[in-house]
file data_0.cif (mmCIF, C-alpha atoms and all ligand atoms)
data_input
loop_
_atom_site.label_atom_id
_atom_site.label_comp_id
_atom_site.auth_asym_id
_atom_site.auth_seq_id
_atom_site.Cartn_x
_atom_site.Cartn_y
_atom_site.Cartn_z
CA MET X 1 100.82 85.47 142.08
CA LYS X 2 97.65 86.95 140.63
CA ILE X 3 98.07 89.73 138.05
CA LEU X 4 95.03 91.73 137.03
CA THR X 5 95.47 93.31 133.60
CA VAL X 6 93.34 96.28 132.61
CA LEU X 7 92.99 96.94 128.91
CA GLY X 8 90.44 98.50 126.62
CA ALA X 9 91.88 99.76 123.33
CA ARG X 10 93.35 98.21 120.20
CA PRO X 11 97.05 98.86 120.91
CA GLN X 12 96.60 97.33 124.36
CA PHE X 13 95.13 94.10 123.03
CA ILE X 14 98.14 93.83 120.74
CA LYS X 15 100.63 94.39 123.58
CA ALA X 16 98.71 92.01 125.82
CA ALA X 17 99.16 89.22 123.28
CA ALA X 18 102.89 89.07 124.06
CA PHE X 19 102.52 89.33 127.82
CA SER X 20 99.68 86.82 128.10
CA ARG X 21 101.72 84.34 126.07
CA ALA X 22 104.62 84.73 128.50
CA ILE X 23 102.28 84.29 131.48
CA LYS X 24 100.83 81.08 130.08
CA LYS X 25 104.29 79.53 130.33
CA HIS X 26 104.64 80.60 133.93
CA GLU X 27 102.90 78.13 136.24
CA SER X 28 102.83 80.26 139.35
CA VAL X 29 101.25 83.31 137.71
CA GLU X 30 97.54 83.69 137.11
CA GLU X 31 96.19 86.51 134.93
CA VAL X 32 92.72 88.01 135.19
CA ILE X 33 91.84 90.34 132.31
CA VAL X 34 89.47 93.29 132.60
CA HIS X 35 88.35 94.76 129.26
CA THR X 36 86.88 98.22 129.81
CA GLY X 37 85.09 98.23 126.46
CA GLN X 38 86.76 101.51 125.44
CA HIS X 39 87.06 100.00 121.95
CA TYR X 40 84.13 97.72 121.25
CA ASP X 41 83.58 97.32 117.47
CA LYS X 42 84.29 93.78 116.31
CA ASN X 43 87.20 94.88 114.10
CA MET X 44 88.63 97.10 116.85
CA SER X 45 88.42 94.50 119.61
CA ASP X 46 87.14 90.89 119.19
CA VAL X 47 89.28 90.14 116.14
CA PHE X 48 92.47 90.61 118.17
CA PHE X 49 91.40 88.23 120.95
CA THR X 50 90.52 85.56 118.41
CA GLU X 51 93.45 85.77 116.01
CA MET X 52 96.13 86.57 118.59
CA ASP X 53 95.02 83.95 121.06
CA ILE X 54 94.60 86.42 123.93
CA PRO X 55 92.77 84.88 126.91
CA LEU X 56 89.16 86.08 127.04
CA PRO X 57 88.52 88.84 129.57
CA LYS X 58 86.90 87.66 132.79
CA TYR X 59 85.23 91.08 133.02
CA LYS X 60 83.95 93.05 130.06
CA LEU X 61 82.73 96.53 130.89
CA ARG X 62 80.81 98.87 128.64
CA THR X 63 82.46 102.21 129.01
CA GLY X 64 83.11 103.05 125.34
CA GLY X 65 81.69 105.93 123.29
CA LYS X 66 81.68 108.51 126.09
CA MET X 67 83.44 111.79 126.83
CA HIS X 68 86.81 111.41 128.58
CA GLY X 69 85.56 112.31 132.06
CA ALA X 70 82.51 110.06 131.97
CA MET X 71 84.48 107.18 130.49
CA THR X 72 87.37 107.38 132.94
CA GLY X 73 85.01 107.89 135.88
CA GLN X 74 82.91 104.85 135.04
CA GLN X 75 85.99 102.75 134.49
CA LEU X 76 87.40 103.80 137.84
CA GLU X 77 84.23 102.90 139.69
CA LYS X 78 83.87 99.51 138.04
CA ILE X 79 87.52 98.51 138.25
CA GLU X 80 87.58 99.37 141.95
CA GLU X 81 84.70 96.96 142.55
CA ILE X 82 86.50 94.23 140.61
CA LEU X 83 89.74 94.80 142.55
CA PHE X 84 87.83 94.40 145.82
CA ASN X 85 86.54 91.02 144.70
CA GLU X 86 89.63 89.71 142.93
CA LYS X 87 92.28 90.95 145.38
CA PRO X 88 95.14 90.73 142.87
CA ASP X 89 98.79 91.00 143.91
CA LEU X 90 99.47 93.46 141.12
CA VAL X 91 97.61 95.51 138.50
CA LEU X 92 99.18 95.76 135.07
CA VAL X 93 98.35 98.55 132.63
CA TYR X 94 99.63 99.37 129.15
CA GLY X 95 100.27 102.60 127.31
CA ASP X 96 98.28 105.77 127.64
CA THR X 97 94.52 105.41 127.26
CA ASN X 98 91.74 106.30 129.69
CA SER X 99 91.65 102.61 130.67
CA THR X 100 95.33 102.84 131.64
CA LEU X 101 94.71 105.77 133.95
CA ALA X 102 91.52 104.34 135.45
CA GLY X 103 93.23 101.01 136.18
CA ALA X 104 96.15 102.75 137.84
CA LEU X 105 93.99 105.10 139.92
CA ALA X 106 91.71 102.33 141.13
CA ALA X 107 94.73 100.24 142.15
CA VAL X 108 96.76 102.95 143.91
CA LYS X 109 93.84 103.90 146.13
CA LEU X 110 93.56 100.29 147.26
CA HIS X 111 97.34 100.06 147.79
CA ILE X 112 97.78 97.42 145.10
CA PRO X 113 101.17 97.59 143.31
CA ILE X 114 100.98 98.81 139.71
CA ALA X 115 103.11 97.87 136.73
CA HIS X 116 103.04 100.27 133.78
CA VAL X 117 104.24 98.87 130.48
CA GLU X 118 105.39 101.55 128.02
CA ALA X 119 106.14 104.02 130.81
CA GLY X 120 108.12 107.23 130.39
CA LEU X 121 106.98 108.21 126.91
CA ARG X 122 106.30 111.88 126.50
CA SER X 123 105.18 114.15 123.69
CA PHE X 124 105.44 117.22 125.98
CA ASN X 125 102.08 118.27 124.59
CA LYS X 126 99.60 118.38 127.44
CA LYS X 127 96.72 119.00 125.04
CA MET X 128 96.90 115.32 124.12
CA PRO X 129 94.67 113.24 126.39
CA GLU X 130 97.26 110.46 126.12
CA GLU X 131 99.98 112.69 127.63
CA ILE X 132 97.91 113.35 130.75
CA ASN X 133 97.12 109.64 131.10
CA ARG X 134 100.83 108.78 130.84
CA ILE X 135 102.10 111.35 133.31
CA LEU X 136 99.53 110.47 135.97
CA THR X 137 99.89 106.72 135.52
CA ASP X 138 103.67 106.94 135.82
CA GLN X 139 103.39 108.98 139.01
CA VAL X 140 101.41 106.25 140.81
CA SER X 141 103.13 103.18 139.35
CA ASP X 142 105.55 100.93 141.26
CA TYR X 143 107.15 99.22 138.27
CA LEU X 144 107.85 101.49 135.32
CA PHE X 145 108.80 99.41 132.31
CA VAL X 146 110.37 101.72 129.74
CA PRO X 147 111.33 100.90 126.15
CA SER X 148 114.42 103.13 125.93
CA MET X 149 116.92 105.34 127.72
CA SER X 150 115.10 108.51 126.64
CA ALA X 151 111.93 107.28 128.37
CA LYS X 152 113.92 106.58 131.53
CA LYS X 153 115.34 110.12 131.43
CA ASN X 154 111.85 111.58 131.15
CA LEU X 155 110.84 109.76 134.33
CA LEU X 156 113.95 110.80 136.23
CA ASN X 157 113.25 114.40 135.23
CA GLU X 158 109.80 114.07 136.77
CA GLY X 159 111.30 112.95 140.06
CA ILE X 160 110.50 109.24 139.81
CA SER X 161 113.03 107.19 141.73
CA GLU X 162 115.47 105.18 139.68
CA GLU X 163 114.88 101.84 141.37
CA LYS X 164 111.32 101.74 140.04
CA ILE X 165 112.45 102.13 136.41
CA PHE X 166 113.38 99.14 134.25
CA ILE X 167 114.60 99.41 130.66
CA VAL X 168 113.12 96.33 129.02
CA GLY X 169 112.69 97.27 125.34
CA ASP X 170 109.42 97.58 123.51
CA ILE X 171 106.84 94.84 123.93
CA MET X 172 105.50 95.59 120.44
CA TYR X 173 108.75 94.30 119.03
CA ASP X 174 108.02 90.91 120.64
CA VAL X 175 104.62 91.00 118.98
CA SER X 176 105.98 92.01 115.57
CA LEU X 177 108.51 89.18 115.54
CA PHE X 178 105.98 86.54 116.54
CA TYR X 179 103.23 87.54 114.12
CA LYS X 180 105.41 88.31 111.10
CA GLU X 181 105.59 84.54 110.63
CA ARG X 182 101.79 84.39 110.73
CA MET X 183 100.84 87.43 108.64
CA VAL X 184 97.88 87.17 106.29
CA LYS X 185 97.19 88.96 103.00
CA PRO X 186 93.84 90.78 103.24
CA GLU X 187 91.17 89.06 101.12
CA TRP X 188 90.33 92.28 99.28
CA PHE X 189 93.93 93.13 98.39
CA ASP X 190 94.14 91.49 94.95
CA SER X 191 90.94 93.12 93.77
CA LEU X 192 92.61 96.54 94.16
CA LYS X 193 95.13 95.49 91.46
CA LEU X 194 98.01 97.51 92.91
CA ASN X 195 101.66 96.87 92.17
CA ASN X 196 102.81 99.07 94.96
CA PHE X 197 101.21 101.11 97.67
CA ILE X 198 101.67 103.37 100.67
CA LEU X 199 100.00 102.27 103.92
CA CYS X 200 98.35 105.00 105.96
CA THR X 201 96.48 105.26 109.27
CA ILE X 202 94.89 108.36 110.83
CA HIS X 203 93.06 108.38 114.14
CA ARG X 204 94.64 110.76 116.63
CA ALA X 205 92.29 113.40 118.05
CA GLU X 206 94.63 116.29 117.20
CA ASN X 207 94.16 115.38 113.51
CA THR X 208 90.58 114.14 113.45
CA ASP X 209 88.99 116.77 115.68
CA ASP X 210 90.26 119.71 113.65
CA SER X 211 88.30 120.02 110.40
CA ILE X 212 90.90 122.20 108.66
CA ARG X 213 93.77 119.95 109.65
CA LEU X 214 91.96 116.77 108.58
CA SER X 215 90.93 118.31 105.22
CA LYS X 216 94.52 119.43 104.58
CA ILE X 217 95.83 115.96 105.38
CA PHE X 218 93.56 114.43 102.75
CA GLU X 219 94.51 117.16 100.28
CA GLY X 220 98.20 116.42 100.90
CA LEU X 221 97.68 112.69 100.44
CA GLY X 222 95.93 113.26 97.11
CA LEU X 223 98.84 112.47 94.81
CA PRO X 224 97.44 110.79 91.69
CA ASP X 225 100.56 108.64 91.09
CA LYS X 226 100.66 107.19 94.63
CA ASN X 227 98.26 104.47 95.70
CA ILE X 228 97.40 104.75 99.36
CA ILE X 229 95.63 102.09 101.42
CA LEU X 230 93.95 103.56 104.46
CA PRO X 231 92.33 101.20 106.99
CA LEU X 232 90.15 103.73 108.69
CA HIS X 233 89.51 104.06 112.42
CA PRO X 234 85.81 104.59 113.32
CA ARG X 235 86.56 108.00 114.83
CA THR X 236 88.04 109.24 111.55
CA VAL X 237 85.15 107.78 109.53
CA ASN X 238 82.70 109.81 111.62
CA LYS X 239 84.72 112.98 111.29
CA ILE X 240 85.07 112.67 107.50
CA LYS X 241 81.28 112.47 107.30
CA GLU X 242 80.78 115.31 109.75
CA TYR X 243 83.18 117.65 107.90
CA ASN X 244 82.07 116.47 104.47
CA ILE X 245 85.64 115.82 103.32
CA ASN X 246 86.25 114.62 99.76
CA ILE X 247 88.54 111.62 99.53
CA PRO X 248 91.00 111.83 96.60
CA GLU X 249 90.78 108.92 94.17
CA ASN X 250 94.25 107.52 94.86
CA ILE X 251 93.22 106.72 98.45
CA LYS X 252 91.54 103.35 99.00
CA ILE X 253 89.65 103.42 102.26
CA VAL X 254 89.07 100.03 103.90
CA ASP X 255 87.69 98.94 107.27
CA PRO X 256 90.19 98.54 110.11
CA VAL X 257 92.03 95.26 109.61
CA GLY X 258 93.06 92.58 112.08
CA TYR X 259 96.65 92.52 113.27
CA LEU X 260 97.78 89.67 110.98
CA GLU X 261 96.55 91.60 107.95
CA MET X 262 98.05 94.81 109.25
CA VAL X 263 101.47 93.16 109.48
CA TRP X 264 101.10 91.92 105.89
CA LEU X 265 100.32 95.45 104.71
CA GLU X 266 103.26 96.87 106.67
CA VAL X 267 105.67 94.28 105.29
CA ASN X 268 104.52 94.73 101.69
CA CYS X 269 104.08 98.49 101.40
CA ASP X 270 106.63 101.02 100.09
CA LEU X 271 106.17 103.60 102.80
CA ILE X 272 104.06 104.16 105.91
CA ILE X 273 102.21 107.37 106.77
CA THR X 274 100.60 107.46 110.18
CA ASP X 275 99.75 109.34 113.35
CA SER X 276 99.75 106.12 115.40
CA GLY X 277 102.41 105.46 118.02
CA GLY X 278 102.44 101.72 117.42
CA VAL X 279 102.54 101.93 113.64
CA GLN X 280 105.60 104.25 113.72
CA LYS X 281 107.57 101.52 115.47
CA GLU X 282 106.18 98.74 113.34
CA ALA X 283 107.41 100.65 110.27
CA TYR X 284 110.92 100.41 111.70
CA PHE X 285 110.53 96.77 112.81
CA HIS X 286 109.59 95.87 109.23
CA GLY X 287 112.29 98.04 107.66
CA LYS X 288 109.99 100.75 106.27
CA HIS X 289 110.35 104.49 106.31
CA CYS X 290 107.64 106.43 108.04
CA ILE X 291 106.04 109.83 107.76
CA THR X 292 104.37 110.80 111.01
CA LEU X 293 101.47 113.20 110.70
CA ARG X 294 102.10 114.98 113.96
CA ASP X 295 103.99 117.94 115.39
CA GLU X 296 105.89 115.77 117.86
CA THR X 297 106.41 112.10 118.66
CA GLU X 298 107.15 110.05 121.75
CA TRP X 299 109.35 107.70 119.69
CA VAL X 300 112.14 110.24 119.26
CA GLU X 301 114.85 107.70 118.43
CA LEU X 302 113.31 106.92 115.04
CA VAL X 303 113.31 110.59 114.08
CA GLU X 304 116.88 111.05 115.36
CA HIS X 305 118.04 108.14 113.21
CA GLY X 306 116.40 109.68 110.13
CA TYR X 307 113.94 106.77 109.63
CA ASN X 308 110.86 108.74 110.56
CA LYS X 309 109.91 112.28 109.55
CA LEU X 310 107.45 114.43 111.42
CA VAL X 311 105.32 116.31 108.96
CA ASN X 312 102.98 119.13 109.58
CA PHE X 313 99.88 118.73 107.39
CA ASP X 314 101.15 121.44 105.01
CA GLY X 315 104.19 119.54 103.81
CA ILE X 316 102.82 116.04 103.28
CA SER X 317 102.92 115.82 99.49
CA ASP X 318 106.45 117.27 99.30
CA VAL X 319 107.83 114.76 101.77
CA ILE X 320 106.10 111.82 100.08
CA SER X 321 107.59 112.84 96.75
CA SER X 322 111.09 113.69 97.98
CA SER X 323 111.58 110.54 100.09
CA ASN X 324 115.13 111.37 101.27
CA PHE X 325 115.27 109.14 104.34
CA LYS X 326 118.29 107.47 105.95
CA LYS X 327 118.77 103.82 105.07
CA ILE X 328 117.40 101.72 107.92
CA GLU X 329 120.16 99.87 109.73
CA PHE X 330 118.42 97.48 111.99
CA GLY X 331 119.87 97.64 115.49
CA SER X 332 118.13 96.99 118.76
CA ILE X 333 116.84 100.51 119.42
CA TYR X 334 113.91 98.98 121.28
CA GLY X 335 115.33 95.79 122.74
CA ASN X 336 115.61 92.23 121.53
CA GLY X 337 112.05 91.01 121.34
CA ASP X 338 112.09 89.47 124.82
CA THR X 339 110.41 92.33 126.63
CA ALA X 340 107.40 90.36 127.91
CA ILE X 341 109.60 87.72 129.53
CA LYS X 342 111.82 90.38 131.09
CA ILE X 343 108.80 92.16 132.58
CA LEU X 344 107.38 88.98 134.00
CA ASP X 345 110.71 87.93 135.51
CA ILE X 346 111.17 91.31 137.18
CA ILE X 347 107.66 91.37 138.63
CA ASP X 348 107.94 87.75 139.74
CA SER X 349 111.26 88.17 141.53
CA PHE X 350 110.27 91.42 143.31
CA GLU X 351 106.82 90.24 144.34
CA ASN X 352 108.18 86.89 145.54
CA ASN X 353 110.77 88.66 147.65
CA MET X 354 108.08 90.78 149.22
CA SER X 355 105.86 87.84 150.12
CA HIS X 356 108.74 85.99 151.87
N1 LIG W 1 96.37 98.19 113.72
C1 LIG W 1 95.63 97.11 113.28
N2 LIG W 1 94.68 97.32 112.32
C2 LIG W 1 94.45 98.55 111.76
C3 LIG W 1 95.24 99.64 112.21
C4 LIG W 1 96.19 99.43 113.20
O1 LIG W 1 95.81 95.98 113.75
O2 LIG W 1 93.58 98.67 110.91
C5 LIG W 1 97.39 97.97 114.78
C6 LIG W 1 98.77 98.42 114.43
O3 LIG W 1 99.47 97.44 113.70
C7 LIG W 1 99.38 98.68 115.80
C8 LIG W 1 98.20 99.13 116.62
O4 LIG W 1 97.03 98.74 115.89
O5 LIG W 1 99.89 97.50 116.35
C9 LIG W 1 98.24 100.59 116.80
O6 LIG W 1 97.08 101.03 117.39
P1 LIG W 1 96.55 102.50 117.26
O7 LIG W 1 97.12 103.12 116.05
O8 LIG W 1 95.06 102.42 117.37
O9 LIG W 1 97.06 103.21 118.58
P2 LIG W 1 98.42 103.88 119.04
O10 LIG W 1 99.53 102.93 118.76
O11 LIG W 1 98.55 105.18 118.35
O12 LIG W 1 98.24 104.06 120.52
#

call {"tool": "encode", "arguments": {"input": "data_0.cif", "output": "structure tokens"}}
result
Amino acid sequence: MKILTVLGARPQFIKAAAFSRAIKKHESVEEVIVHTGQHYDKNMSDVFFTEMDIPLPKYKLRTGGKMHGAMTGQQLEKIEEILFNEKPDLVLVYGDTNSTLAGALAAVKLHIPIAHVEAGLRSFNKKMPEEINRILTDQVSDYLFVPSMSAKKNLLNEGISEEKIFIVGDIMYDVSLFYKERMVKPEWFDSLKLNNFILCTIHRAENTDDSIRLSKIFEGLGLPDKNIILPLHPRTVNKIKEYNINIPENIKIVDPVGYLEMVWLEVNCDLIITDSGGVQKEAYFHGKHCITLRDETEWVELVEHGYNKLVNFDGISDVISSSNFKKIEFGSIYGNGDTAIKILDIIDSFENNMSH
């Protein structure tokens, strides 16, 4: 069986690490990777392929740095051409980026089965580009691999038939378990001379593209007695410059880090503050409380358990200081860390049945 994987953004490289490792052990499955180039900086792309041992993409497109329509359109056109040549048995897409949607659209029009990993997540906020990408991708997918029961319910509510939905857990848990053993302290860490710190990431458009909201976030994070390490996404760097935002002294801005360093920071921090989907779950996987800088989250279970708090930009400093979270009891909210193998087994058995 030939699987063609379409990826293009940081969280997808990280998820692909687990799946590609499972595929390598499977003799009858061949994987062809298409990298759309949605993320292209070295520290947003290449570093993950090198340090996480992800097979190099056979196709590397250059569709990054464009508006949503232009980017998705170009990806669609180029992926279609590749699908014609490669004739895969299945197209696999992850998550909710433009590359996810373009991969799914190109495949469905050529009648190639589609597997969507991380299906069924919803913020119910259609202003988020990610939400549109998710809904449309789920509608055209044949295998919807969901991390939890709540994601399955979302799909059923949208009329997707139950036999296409598989609860397999969260593939990022597989990744967290594997790389925790291999985590690396960032070279610059000791020079900061910090005894304790809060880890923070900010990159989501709803925060970065609103100058008032982004300024208020930095104001709220400016607590002199709390050291904050902030590996900063290129989009946020540009916006800080554009809006001329002053960074409080307690915040140490660093370049985006590789995954092994990110895990080290997550494991060694006191608290995580983020607007990232992936980082919210990693906080839980590594037993850390999380403050999510958003009005809603797709990972509702963590909020329901009291491990994660959604904070509007106005209340950030109060929540950081009060820190009344529930103690994290580690159960398998998102599976057992064998999601990649489960996905591969399901695809393999269904596709084999169809070819016989
Ligand atoms: N990440 C990383 N280096 C960083 C910041 C994040 O390796 O400097 C990882 C993080 O551990 C998580 C993933 O990137 O696995 C999350 O990606 P991102 O926040 O870009 O996207 P989202 O999860 O919100 O879709």

call {"tool": "residues_near_ligand", "arguments": {"input": "data_0.cif", "ligand": "ligand LIG 1 (chain W)", "cutoff": "7 Å", "atoms": "only C-alpha atoms and all ligand atoms", "output": "number ranges by chain"}}
result
X: 10-11, 14, 201, 203, 231-233, 255-259, 262-263, 275-279, 282

call {"tool": "atom_distance", "arguments": {"input": "data_0.cif", "atom1": "atom CA of Asn246 of chain X", "atom2": "atom CA of Ile217 of chain X"}}
result
11.2 Å

call {"tool": "atom_distance", "arguments": {"input": "data_0.cif", "atom1": "atom CA of Gln139 of chain X", "atom2": "atom CA of Ala119 of chain X"}}
result
10.0 Å

call {"tool": "residues_around", "arguments": {"input": "data_0.cif", "residues": "segment 190-197 of chain X", "least_positions_apart": "2", "cutoff": "7 Å", "atoms": "all atoms listed in the file", "output": "count of residues only"}}
result
8

call {"tool": "closest_atom_pairs", "arguments": {"input": "data_0.cif", "of": "segment 201-229 of chain X", "to": "segment 307-328 of chain X", "cutoff": "7 Å", "atoms": "only C-alpha atoms", "output": "JSON lines"}}
result
{"residue": "X:Arg213", "atom": "CA", "partner": "X:Phe313", "partner_atom": "CA", "distance": 6.6}
{"residue": "X:Lys216", "atom": "CA", "partner": "X:Phe313", "partner_atom": "CA", "distance": 6.1}
{"residue": "X:Ile217", "atom": "CA", "partner": "X:Phe313", "partner_atom": "CA", "distance": 5.3}
{"residue": "X:Gly220", "atom": "CA", "partner": "X:Ser317", "partner_atom": "CA", "distance": 5.0}
{"residue": "X:Leu221", "atom": "CA", "partner": "X:Ser317", "partner_atom": "CA", "distance": 6.2}

call {"tool": "write_last_selection", "arguments": {"input": "data_0.cif", "atoms": "C-alpha atoms", "output": "PDB file, in the coordinates of the input"}}
result
ATOM      1  CA  ARG X 213      93.770 119.950 109.650  1.00  0.00           C
ATOM      2  CA  LYS X 216      94.520 119.430 104.580  1.00  0.00           C
ATOM      3  CA  ILE X 217      95.830 115.960 105.380  1.00  0.00           C
ATOM      4  CA  GLY X 220      98.200 116.420 100.900  1.00  0.00           C
ATOM      5  CA  LEU X 221      97.680 112.690 100.440  1.00  0.00           C
TER       6      LEU X 221
END

call {"tool": "closest_residue", "arguments": {"input": "data_0.cif", "among": "X:Lys78, X:Ala115, X:His68, X:Met149", "to": "Glu130 of chain X", "atoms": "only C-alpha atoms"}}
result
X:His68

call {"tool": "closest_residue", "arguments": {"input": "data_0.cif", "among": "X:Val93, X:Met183, X:Val29, X:Cys290", "to": "Ser349 of chain X", "atoms": "only C-alpha atoms"}}
result
X:Val29

call {"tool": "decode", "arguments": {"input": "data_0.cif", "residues": "segment 122-137 of chain X", "atoms": "N, CA, C and O atoms", "output": "PDB file, in the first residue's frame"}}
result
ATOM      1  N   ARG X 122     -13.222  20.773  17.437  1.00  0.00           N
ATOM      2  CA  ARG X 122     -13.963  21.985  17.088  1.00  0.00           C
ATOM      3  C   ARG X 122     -13.784  23.047  18.163  1.00  0.00           C
ATOM      4  O   ARG X 122     -13.837  22.738  19.361  1.00  0.00           O
ATOM      5  N   SER X 123     -13.630  24.286  17.707  1.00  0.00           N
ATOM      6  CA  SER X 123     -13.643  25.418  18.642  1.00  0.00           C
ATOM      7  C   SER X 123     -14.997  26.098  18.587  1.00  0.00           C
ATOM      8  O   SER X 123     -15.316  26.919  19.432  1.00  0.00           O
ATOM      9  N   PHE X 124     -15.783  25.778  17.550  1.00  0.00           N
ATOM     10  CA  PHE X 124     -17.079  26.427  17.276  1.00  0.00           C
ATOM     11  C   PHE X 124     -16.912  27.921  17.035  1.00  0.00           C
ATOM     12  O   PHE X 124     -17.807  28.701  17.255  1.00  0.00           O
ATOM     13  N   ASN X 125     -15.732  28.283  16.563  1.00  0.00           N
ATOM     14  CA  ASN X 125     -15.458  29.680  16.226  1.00  0.00           C
ATOM     15  C   ASN X 125     -15.025  29.711  14.754  1.00  0.00           C
ATOM     16  O   ASN X 125     -13.884  29.416  14.427  1.00  0.00           O
ATOM     17  N   LYS X 126     -15.966  30.040  13.906  1.00  0.00           N
ATOM     18  CA  LYS X 126     -15.684  29.965  12.459  1.00  0.00           C
ATOM     19  C   LYS X 126     -14.809  31.113  11.963  1.00  0.00           C
ATOM     20  O   LYS X 126     -14.460  31.168  10.792  1.00  0.00           O
ATOM     21  N   LYS X 127     -14.449  32.015  12.877  1.00  0.00           N
ATOM     22  CA  LYS X 127     -13.507  33.070  12.463  1.00  0.00           C
ATOM     23  C   LYS X 127     -12.079  32.522  12.420  1.00  0.00           C
ATOM     24  O   LYS X 127     -11.189  33.138  11.852  1.00  0.00           O
ATOM     25  N   MET X 128     -11.874  31.384  13.059  1.00  0.00           N
ATOM     26  CA  MET X 128     -10.522  30.790  13.036  1.00  0.00           C
ATOM     27  C   MET X 128     -10.328  30.061  11.718  1.00  0.00           C
ATOM     28  O   MET X 128     -11.129  29.178  11.381  1.00  0.00           O
ATOM     29  N   PRO X 129      -9.258  30.370  10.984  1.00  0.00           N
ATOM     30  CA  PRO X 129      -9.035  29.646   9.736  1.00  0.00           C
ATOM     31  C   PRO X 129      -8.939  28.134   9.959  1.00  0.00           C
ATOM     32  O   PRO X 129      -9.399  27.336   9.151  1.00  0.00           O
ATOM     33  N   GLU X 130      -8.383  27.758  11.128  1.00  0.00           N
ATOM     34  CA  GLU X 130      -8.218  26.331  11.433  1.00  0.00           C
ATOM     35  C   GLU X 130      -9.566  25.617  11.499  1.00  0.00           C
ATOM     36  O   GLU X 130      -9.671  24.451  11.127  1.00  0.00           O
ATOM     37  N   GLU X 131     -10.601  26.319  12.018  1.00  0.00           N
ATOM     38  CA  GLU X 131     -11.910  25.689  12.191  1.00  0.00           C
ATOM     39  C   GLU X 131     -12.511  25.344  10.816  1.00  0.00           C
ATOM     40  O   GLU X 131     -13.086  24.271  10.621  1.00  0.00           O
ATOM     41  N   ILE X 132     -12.348  26.242   9.870  1.00  0.00           N
ATOM     42  CA  ILE X 132     -12.868  25.997   8.521  1.00  0.00           C
ATOM     43  C   ILE X 132     -12.112  24.815   7.904  1.00  0.00           C
ATOM     44  O   ILE X 132     -12.709  23.900   7.317  1.00  0.00           O
ATOM     45  N   ASN X 133     -10.802  24.815   8.069  1.00  0.00           N
ATOM     46  CA  ASN X 133      -9.999  23.713   7.512  1.00  0.00           C
ATOM     47  C   ASN X 133     -10.434  22.367   8.095  1.00  0.00           C
ATOM     48  O   ASN X 133     -10.531  21.367   7.385  1.00  0.00           O
ATOM     49  N   ARG X 134     -10.723  22.358   9.395  1.00  0.00           N
ATOM     50  CA  ARG X 134     -11.124  21.091  10.049  1.00  0.00           C
ATOM     51  C   ARG X 134     -12.475  20.600   9.541  1.00  0.00           C
ATOM     52  O   ARG X 134     -12.635  19.432   9.216  1.00  0.00           O
ATOM     53  N   ILE X 135     -13.445  21.510   9.527  1.00  0.00           N
ATOM     54  CA  ILE X 135     -14.803  21.100   9.167  1.00  0.00           C
ATOM     55  C   ILE X 135     -14.806  20.537   7.742  1.00  0.00           C
ATOM     56  O   ILE X 135     -15.359  19.468   7.480  1.00  0.00           O
ATOM     57  N   LEU X 136     -14.159  21.245   6.827  1.00  0.00           N
ATOM     58  CA  LEU X 136     -14.185  20.815   5.424  1.00  0.00           C
ATOM     59  C   LEU X 136     -13.403  19.518   5.237  1.00  0.00           C
ATOM     60  O   LEU X 136     -13.829  18.622   4.512  1.00  0.00           O
ATOM     61  N   THR X 137     -12.278  19.410   5.887  1.00  0.00           N
ATOM     62  CA  THR X 137     -11.476  18.187   5.758  1.00  0.00           C
ATOM     63  C   THR X 137     -12.249  16.987   6.291  1.00  0.00           C
ATOM     64  O   THR X 137     -12.283  15.920   5.666  1.00  0.00           O
TER      65      THR X 137
END
